[in-house]
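Engineer: entry25.txt is reproduced below (compact mmCIF, C-alpha atoms and all ligand atoms).
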```
# COMPACT_ATOMS: atom_id res chain seq x y z
CA MET I 1 37.31 111.42 55.31
CA THR I 2 36.99 115.10 54.59
CA PRO I 3 35.66 117.35 55.89
CA THR I 4 35.45 116.07 59.48
CA LEU I 5 32.20 115.88 61.42
CA ALA I 6 31.74 114.88 65.05
CA SER I 7 29.73 111.66 65.06
CA ARG I 8 30.23 108.11 66.27
CA LEU I 9 28.07 106.48 63.61
CA HIS I 10 28.00 105.55 59.91
CA PHE I 11 31.67 105.46 59.00
CA GLY I 12 31.23 103.08 56.07
CA CYS I 13 34.46 101.13 56.32
CA ARG I 14 34.81 98.46 53.64
CA LEU I 15 37.81 98.11 51.32
CA VAL I 16 37.82 96.14 48.07
CA PHE I 17 40.54 95.93 45.41
CA SER I 18 39.42 96.03 41.79
CA ARG I 19 40.90 93.63 39.25
CA GLU I 20 43.28 96.34 37.98
CA GLY I 21 44.53 96.93 41.53
CA TRP I 22 42.70 100.13 42.44
CA LEU I 23 41.11 100.35 45.86
CA TRP I 24 37.41 101.00 46.41
CA ILE I 25 36.54 102.56 49.78
CA THR I 26 33.01 102.84 51.13
CA THR I 27 32.31 105.85 53.35
CA GLY I 28 29.26 106.56 55.49
CA GLU I 29 27.40 109.83 56.01
CA ARG I 30 27.94 109.95 59.82
CA SER I 31 24.15 109.71 60.49
CA ILE I 32 23.76 113.38 61.43
CA ALA I 33 21.78 115.85 59.31
CA GLU I 34 24.83 117.72 57.99
CA GLY I 35 26.54 114.52 56.84
CA ARG I 36 23.37 113.09 55.35
CA LYS I 37 23.04 116.16 53.14
CA GLN I 38 26.65 115.77 52.02
CA ALA I 39 25.97 112.28 50.63
CA GLN I 40 24.68 114.17 47.55
CA LEU I 41 27.54 116.73 47.37
CA LEU I 42 30.60 116.13 45.20
CA ASP I 43 32.91 118.27 47.35
CA SER I 44 32.42 115.92 50.32
CA ALA I 45 33.67 112.35 50.85
CA PHE I 46 30.66 111.38 52.99
CA GLY I 47 28.26 108.73 51.70
CA LYS I 48 30.45 107.82 48.73
CA VAL I 49 32.31 105.00 47.10
CA LEU I 50 35.83 106.32 46.52
CA ARG I 51 38.40 104.78 44.17
CA ILE I 52 42.12 105.40 44.50
CA LYS I 53 45.43 104.04 43.25
CA PRO I 54 47.98 102.48 45.64
CA ASP I 55 49.74 105.87 46.00
CA GLY I 56 46.45 107.54 47.01
CA ALA I 57 45.90 109.42 43.74
CA ALA I 58 42.61 109.25 41.86
CA PRO I 59 42.70 107.17 38.65
CA ASP I 60 42.34 109.36 35.54
CA ASP I 61 39.13 107.61 34.52
CA ASN I 62 37.29 108.27 37.78
CA PRO I 63 33.96 109.88 36.79
CA PHE I 64 34.34 113.36 38.34
CA THR I 65 38.03 114.16 37.76
CA SER I 66 37.21 116.97 35.34
CA ARG I 67 34.25 118.36 37.33
CA GLU I 68 35.18 121.64 39.01
CA GLY I 69 34.94 121.49 42.79
CA ALA I 70 34.40 117.72 42.90
CA LEU I 71 36.68 115.37 44.83
CA PRO I 72 38.45 113.33 42.13
CA GLU I 73 38.39 110.20 44.33
CA ILE I 74 34.59 109.94 44.13
CA TYR I 75 33.35 106.92 42.17
CA SER I 76 29.64 106.95 43.15
CA LEU I 77 27.41 108.97 45.48
CA GLY I 78 24.18 108.92 47.45
CA HIS I 79 25.04 106.19 49.96
CA ARG I 80 24.21 105.96 53.66
CA ASN I 81 26.19 103.36 55.58
CA MET I 82 27.71 100.65 53.39
CA GLN I 83 28.79 97.94 55.81
CA GLY I 84 29.43 95.28 53.20
CA ALA I 85 31.24 95.27 49.87
CA ALA I 86 32.57 92.51 47.63
CA LEU I 87 33.89 91.95 44.14
CA ASN I 88 31.51 89.95 41.98
CA PRO I 89 33.75 87.08 40.79
CA LYS I 90 31.77 86.71 37.54
CA THR I 91 31.83 90.35 36.42
CA GLY I 92 34.62 92.06 38.39
CA GLU I 93 32.11 94.71 39.48
CA LEU I 94 31.72 96.06 42.99
CA TRP I 95 28.59 95.09 44.88
CA ILE I 96 27.70 96.73 48.18
CA VAL I 97 25.12 96.39 50.91
CA ASP I 98 23.93 99.68 52.39
CA HIS I 99 22.53 99.64 55.92
CA GLY I 100 19.40 101.73 55.43
CA PRO I 101 16.98 103.44 57.77
CA ARG I 102 14.01 101.42 59.04
CA GLY I 103 12.91 99.22 56.16
CA GLY I 104 15.48 100.44 53.65
CA ASP I 105 18.53 98.14 53.57
CA GLU I 106 19.78 97.86 49.98
CA ILE I 107 22.00 95.83 47.70
CA ASN I 108 23.50 97.80 44.82
CA VAL I 109 25.91 97.14 42.00
CA ILE I 110 28.25 100.13 41.87
CA ARG I 111 28.89 101.86 38.55
CA ALA I 112 31.04 104.92 37.88
CA GLY I 113 29.35 108.27 38.39
CA ARG I 114 25.97 106.90 39.43
CA ASP I 115 23.83 108.41 42.19
CA TYR I 116 22.32 105.80 44.50
CA GLY I 117 19.82 108.28 45.87
CA TRP I 118 20.32 108.66 49.63
CA PRO I 119 18.79 110.68 51.27
CA THR I 120 16.55 111.85 48.39
CA ILE I 121 15.08 108.42 47.68
CA THR I 122 14.77 105.42 49.99
CA TYR I 123 12.41 102.53 50.70
CA GLY I 124 12.84 103.13 54.43
CA THR I 125 11.49 105.52 57.05
CA GLU I 126 13.16 107.30 59.95
CA TYR I 127 13.82 105.09 63.01
CA ALA I 128 11.74 107.52 65.06
CA GLY I 129 8.87 107.28 62.54
CA GLY I 130 7.98 109.57 59.65
CA SER I 131 9.28 109.76 56.13
CA VAL I 132 12.85 110.51 55.09
CA GLY I 133 12.70 113.84 53.24
CA ASP I 134 9.76 113.86 50.84
CA GLY I 135 9.17 110.14 51.34
CA VAL I 136 9.86 109.18 47.73
CA SER I 137 11.48 105.93 46.61
CA GLN I 138 12.18 106.64 42.93
CA LYS I 139 13.50 109.59 40.99
CA ASP I 140 14.92 110.13 37.50
CA GLY I 141 18.71 110.10 37.49
CA MET I 142 18.91 108.00 40.64
CA GLU I 143 19.59 104.27 40.76
CA GLN I 144 17.15 101.71 42.07
CA PRO I 145 18.60 99.03 44.37
CA LEU I 146 18.88 95.47 43.06
CA TYR I 147 17.15 94.37 46.23
CA TYR I 148 15.94 95.83 49.51
CA TRP I 149 14.81 94.55 52.88
CA ASP I 150 11.63 95.71 54.58
CA PRO I 151 11.60 94.95 57.47
CA SER I 152 15.31 95.63 57.84
CA ILE I 153 17.86 92.98 58.72
CA ALA I 154 20.65 95.48 59.60
CA PRO I 155 23.18 94.12 57.10
CA SER I 156 26.90 93.89 57.74
CA GLY I 157 29.63 92.11 55.75
CA MET I 158 29.02 90.33 52.45
CA ALA I 159 30.75 87.68 50.35
CA PHE I 160 30.19 85.91 47.04
CA TYR I 161 30.57 82.14 47.27
CA ASP I 162 32.64 80.88 44.37
CA ALA I 163 34.28 77.81 45.98
CA ASP I 164 33.62 74.07 45.60
CA LEU I 165 33.17 72.87 49.20
CA PHE I 166 29.44 73.64 49.14
CA PRO I 167 28.49 72.96 45.49
CA GLU I 168 24.87 74.00 46.10
CA TRP I 169 26.05 77.41 47.35
CA LYS I 170 28.18 78.22 44.31
CA GLY I 171 27.17 81.62 42.92
CA SER I 172 25.32 82.64 46.09
CA LEU I 173 25.79 85.95 47.85
CA PHE I 174 26.02 85.87 51.66
CA VAL I 175 25.16 88.86 53.88
CA GLY I 176 25.46 89.00 57.67
CA ALA I 177 22.67 90.52 59.74
CA LEU I 178 23.33 92.43 62.96
CA ALA I 179 19.95 93.25 64.55
CA GLY I 180 18.46 90.52 62.34
CA ARG I 181 20.79 87.95 64.00
CA HIS I 182 21.26 85.57 61.07
CA LEU I 183 23.21 84.90 57.91
CA THR I 184 21.35 85.47 54.65
CA ARG I 185 22.09 83.45 51.52
CA LEU I 186 20.86 85.14 48.34
CA THR I 187 20.57 83.23 45.08
CA LEU I 188 21.24 85.20 41.93
CA ASP I 189 20.23 85.08 38.29
CA GLY I 190 22.69 87.60 36.87
CA GLU I 191 21.79 90.83 38.65
CA LYS I 192 18.40 89.53 39.78
CA ILE I 193 18.11 88.27 43.32
CA VAL I 194 15.73 85.35 43.00
CA GLY I 195 15.85 83.70 46.41
CA GLU I 196 16.71 84.30 50.04
CA GLU I 197 17.49 81.67 52.68
CA ARG I 198 18.20 82.54 56.32
CA LEU I 199 20.88 80.48 58.08
CA LEU I 200 22.15 80.49 61.69
CA VAL I 201 18.81 82.07 62.65
CA ASP I 202 19.00 83.86 66.01
CA ARG I 203 22.55 82.53 66.56
CA ALA I 204 24.20 85.94 67.08
CA ARG I 205 24.66 89.39 65.65
CA ILE I 206 26.80 88.76 62.57
CA ARG I 207 29.46 91.34 61.68
CA ASP I 208 31.20 89.77 58.71
CA VAL I 209 31.34 86.75 56.43
CA ARG I 210 34.19 85.58 54.20
CA VAL I 211 35.02 82.54 52.09
CA GLY I 212 38.30 80.84 53.04
CA PRO I 213 40.78 79.34 50.58
CA ASP I 214 39.49 75.95 51.84
CA GLY I 215 35.97 76.81 50.63
CA ALA I 216 34.59 77.01 54.18
CA LEU I 217 32.45 79.98 55.13
CA TYR I 218 33.86 82.04 58.02
CA VAL I 219 31.41 84.08 60.05
CA LEU I 220 32.37 86.70 62.63
CA THR I 221 29.89 87.37 65.42
CA ASP I 222 29.51 90.76 67.10
CA GLU I 223 29.04 90.20 70.81
CA PRO I 224 30.93 90.84 74.07
CA ASN I 225 32.21 87.26 73.80
CA GLY I 226 32.41 87.22 70.01
CA GLU I 227 33.23 84.13 67.97
CA LEU I 228 34.66 83.17 64.60
CA LEU I 229 32.53 80.36 63.18
CA ALA I 230 33.67 78.03 60.39
CA LEU I 231 30.88 76.47 58.33
CA THR I 232 31.70 73.21 56.53
CA PRO I 233 29.42 70.51 55.06
CA LYS I 234 28.28 67.75 57.42
CA GLY I 235 30.76 64.87 57.37
CA SER I 236 33.52 66.85 55.64
CA CA K 301 19.62 103.85 47.28
```
Could you show the structure in this file as structure tokens?
Structural biologist:
Amino acid sequence: MTPTLASRLHFGCRLVFSREGWLWITTGERSIAEGRKQAQLLDSAFGKVLRIKPDGAAPDDNPFTSREGALPEIYSLGHRNMQGAALNPKTGELWIVDHGPRGGDEINVIRAGRDYGWPTITYGTEYAGGSVGDGVSQKDGMEQPLYYWDPSIAPSGMAFYDADLFPEWKGSLFVGALAGRHLTRLTLDGEKIVGEERLLVDRARIRDVRVGPDGALYVLTDEPNGELLALTPKGS
């Protein structure tokens, strides 16, 4: 990430390959005031989704390649701390979950060149209390989330379920919760999130969730004595 800032928080961190083989990278804004501001700046890699080719170069059709002073790797901007990202198996689009401030965790579908608003707009407030910036949640030219959590769940990894082992889960989107200590199952109608079920409630802080080739759901806990859980249907 460039430039460098001294901080131990909000590094983003998820990697997803697109169908054409380019790599999406989610970066955080390092949580400090200087990095937060840079989430809106096109000469900084903080708080962005980046897209690169296997050799590290920016694809020619990235949205800001012809913008003077902009990093050509930038695909979208205005993000805070995207701890989950997954390819939607139906559309091939990138979906992310952004760990927000208090009351502002978001799910977004990522489209080229769009501004997802952080820190200008948010549904959350500062952890210490008080509004973020002007305290607005909508603004022209900035994307609204598909869904947000208030109170926060502290989202981590995410995965679309497209396997057959749990037929009733097909098409669902799973998101782990850290402070929320559960696994969320979201039901979708296209881009609308129409239902939320909480599983493994108070089991552990959950860091990541993935679907295995066997159709089981694998859940990674985030604890001193962390575990990898495999979820399969009863009797299977
Ligand atoms: Ca947003």
Engineer: Which of these residues is nearest to ligand CA 301 (chain K), using all atoms listed in the file: I:Leu165, I:Leu94, I:Ile32, I:Ile121?
Structural biologist: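 Residue with the minimum atom-to-atom distance to ligand CA 301 (chain K): I:Ile121.
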Engineer: Interatomic distance between atom CA of I:Arg203 and atom CA of I:Thr184?
Structural biologist: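 According to the coordinates, atom CA of I:Arg203 and atom CA of I:Thr184 are separated by 12.3 Å.
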Engineer: Could you pull the residues within 6 Å of stretch 97-111 of chain I, counting only C-alpha atoms, minus those fewer than 2 positions along the same chain, as a PyMOL selection string?
Structural biologist: chain I and resi 81-82+84+94-95+114+123-127+145-152+154-155
Engineer: Could you give me the residues within 6 Å of ligand CA 301 (chain K), counting all atoms listed in the file, as a list of chain:residue names?
Structural biologist: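 My answer, listing the contacting residues, is I:Tyr116, I:Gly117, I:Trp118, I:Thr122, I:Pro145.
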Engineer: Name the residues in contact with I:Leu188 at a cut-off of 8 Å, using all atoms listed in the file, excluding same-chain residues fewer than 4 positions from it; report them as a PyMOL selection string.
Structural biologist: chain I and resi 171-173+192-195
Engineer: Please produce an output containing C-alpha atoms for each residue in the selection, written as a PDB file, keeping the file's coordinate frame.
Structural biologist:
```pdb
ATOM      1  CA  GLY I 171      27.170  81.620  42.920  1.00  0.00           C
ATOM      2  CA  SER I 172      25.320  82.640  46.090  1.00  0.00           C
ATOM      3  CA  LEU I 173      25.790  85.950  47.850  1.00  0.00           C
ATOM      4  CA  LYS I 192      18.400  89.530  39.780  1.00  0.00           C
ATOM      5  CA  ILE I 193      18.110  88.270  43.320  1.00  0.00           C
ATOM      6  CA  VAL I 194      15.730  85.350  43.000  1.00  0.00           C
ATOM      7  CA  GLY I 195      15.850  83.700  46.410  1.00  0.00           C
TER       8      GLY I 195
END
```
Engineer: Please, which residues are within 9 Å of (29.7, 106.4, 45.2) by the file's coordinates, counting only C-alpha atoms, and could they come as a compact mmCIF listing (two decimals) with C-alpha atoms, keeping the file's coordinate frame?
Structural biologist:
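Wrote selection.txt, looks like this:
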```txt
# COMPACT_ATOMS: atom_id res chain seq x y z
CA THR I 26 33.01 102.84 51.13
CA THR I 27 32.31 105.85 53.35
CA ALA I 39 25.97 112.28 50.63
CA GLY I 47 28.26 108.73 51.70
CA LYS I 48 30.45 107.82 48.73
CA VAL I 49 32.31 105.00 47.10
CA LEU I 50 35.83 106.32 46.52
CA ARG I 51 38.40 104.78 44.17
CA ILE I 74 34.59 109.94 44.13
CA TYR I 75 33.35 106.92 42.17
CA SER I 76 29.64 106.95 43.15
CA LEU I 77 27.41 108.97 45.48
CA GLY I 78 24.18 108.92 47.45
CA HIS I 79 25.04 106.19 49.96
CA ILE I 110 28.25 100.13 41.87
CA ARG I 111 28.89 101.86 38.55
CA ALA I 112 31.04 104.92 37.88
CA GLY I 113 29.35 108.27 38.39
CA ARG I 114 25.97 106.90 39.43
CA ASP I 115 23.83 108.41 42.19
CA TYR I 116 22.32 105.80 44.50
```
Engineer: What is the atom CA of I:Pro89-atom CA of I:Tyr161 distance in Å, reported with one decimal?
Structural biologist: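 Computing the Euclidean distance for atom CA of I:Pro89 and atom CA of I:Tyr161 yields 8.7 Å.
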Engineer: Neighbouring residues of I:Glu196 were defined as those with any atom within 7 Å, considering all atoms listed in the file; residues of the same chain fewer than 2 positions away were excluded. Please report them as a ChimeraX atom specification.
Structural biologist: /I:184-187,198
Engineer: Need the axis-aligned box for stretch 27-30 of chain I with 6 Å each side, so what are the centre and edges in Å to one decimal, as AutoDock Vina command-line options?
Structural biologist:
```
--center_x 29.9 --center_y 107.9 --center_z 56.6 --size_x 16.9 --size_y 16.1 --size_z 18.5
```
Engineer: What is the atom CA of I:Pro167-atom CA of I:Lys90 distance in Å, reported with one decimal?
Structural biologist: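 Here the two named atoms are 16.2 Å from each other.
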Engineer: Identify which of the residues I:Leu231, I:Val132, I:Val175, I:Met142 lies closest to I:Arg207, counting only C-alpha atoms when measuring atom-to-atom distances.
Structural biologist: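 Result for the nearest residue to I:Arg207: I:Val175.
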Engineer: So which one's closest to I:Gln83, I:Asp189, I:Asp55, I:Glu223, I:Glu29? Using all atoms listed in the file, please.
Structural biologist: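 With all atoms listed in the file as the atom set, the closest residue is I:Glu29.
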Engineer: Tell me, as a PyMOL selection string, which residues lie within 7 Å of I:Val16, counting only C-alpha atoms; anything in the same chain fewer than 6 positions away does not count.
Structural biologist: chain I and resi 23-25+85-87
Engineer: Kindly indicate which residue among I:Gly212, I:Pro224, I:Gly157, I:Gly133 lies nearest to I:Ala177, using only C-alpha atoms for the distances.
Structural biologist: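 Ranking I:Gly212, I:Pro224, I:Gly157, I:Gly133 by distance to I:Ala177, first place goes to I:Gly157.
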Engineer: Using all atoms listed in the file, can you tell me which of I:Ala204, I:Val209, I:Leu183, I:Ala216 comes closest to I:Met158?
Structural biologist: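 Ranking I:Ala204, I:Val209, I:Leu183, I:Ala216 by distance to I:Met158, first place goes to I:Val209.
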Engineer: Could you give me, as a list in words, the residues that sit within 8 Å of (27.6, 71.0, 52.0) in the file's coordinates, counting all atoms listed in the file?
Structural biologist: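 So the residues meeting the distance criterion are Leu165, Phe166, Pro167, Glu168, Thr232, Pro233 and Lys234 of chain I.
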Engineer: So, counting all atoms listed in the file, which residue among I:Gly180, I:Asp202, I:Gln40, I:Phe174 is closest to I:Leu217?
Structural biologist: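 Ranked by minimum distance to I:Leu217, first place goes to I:Phe174.
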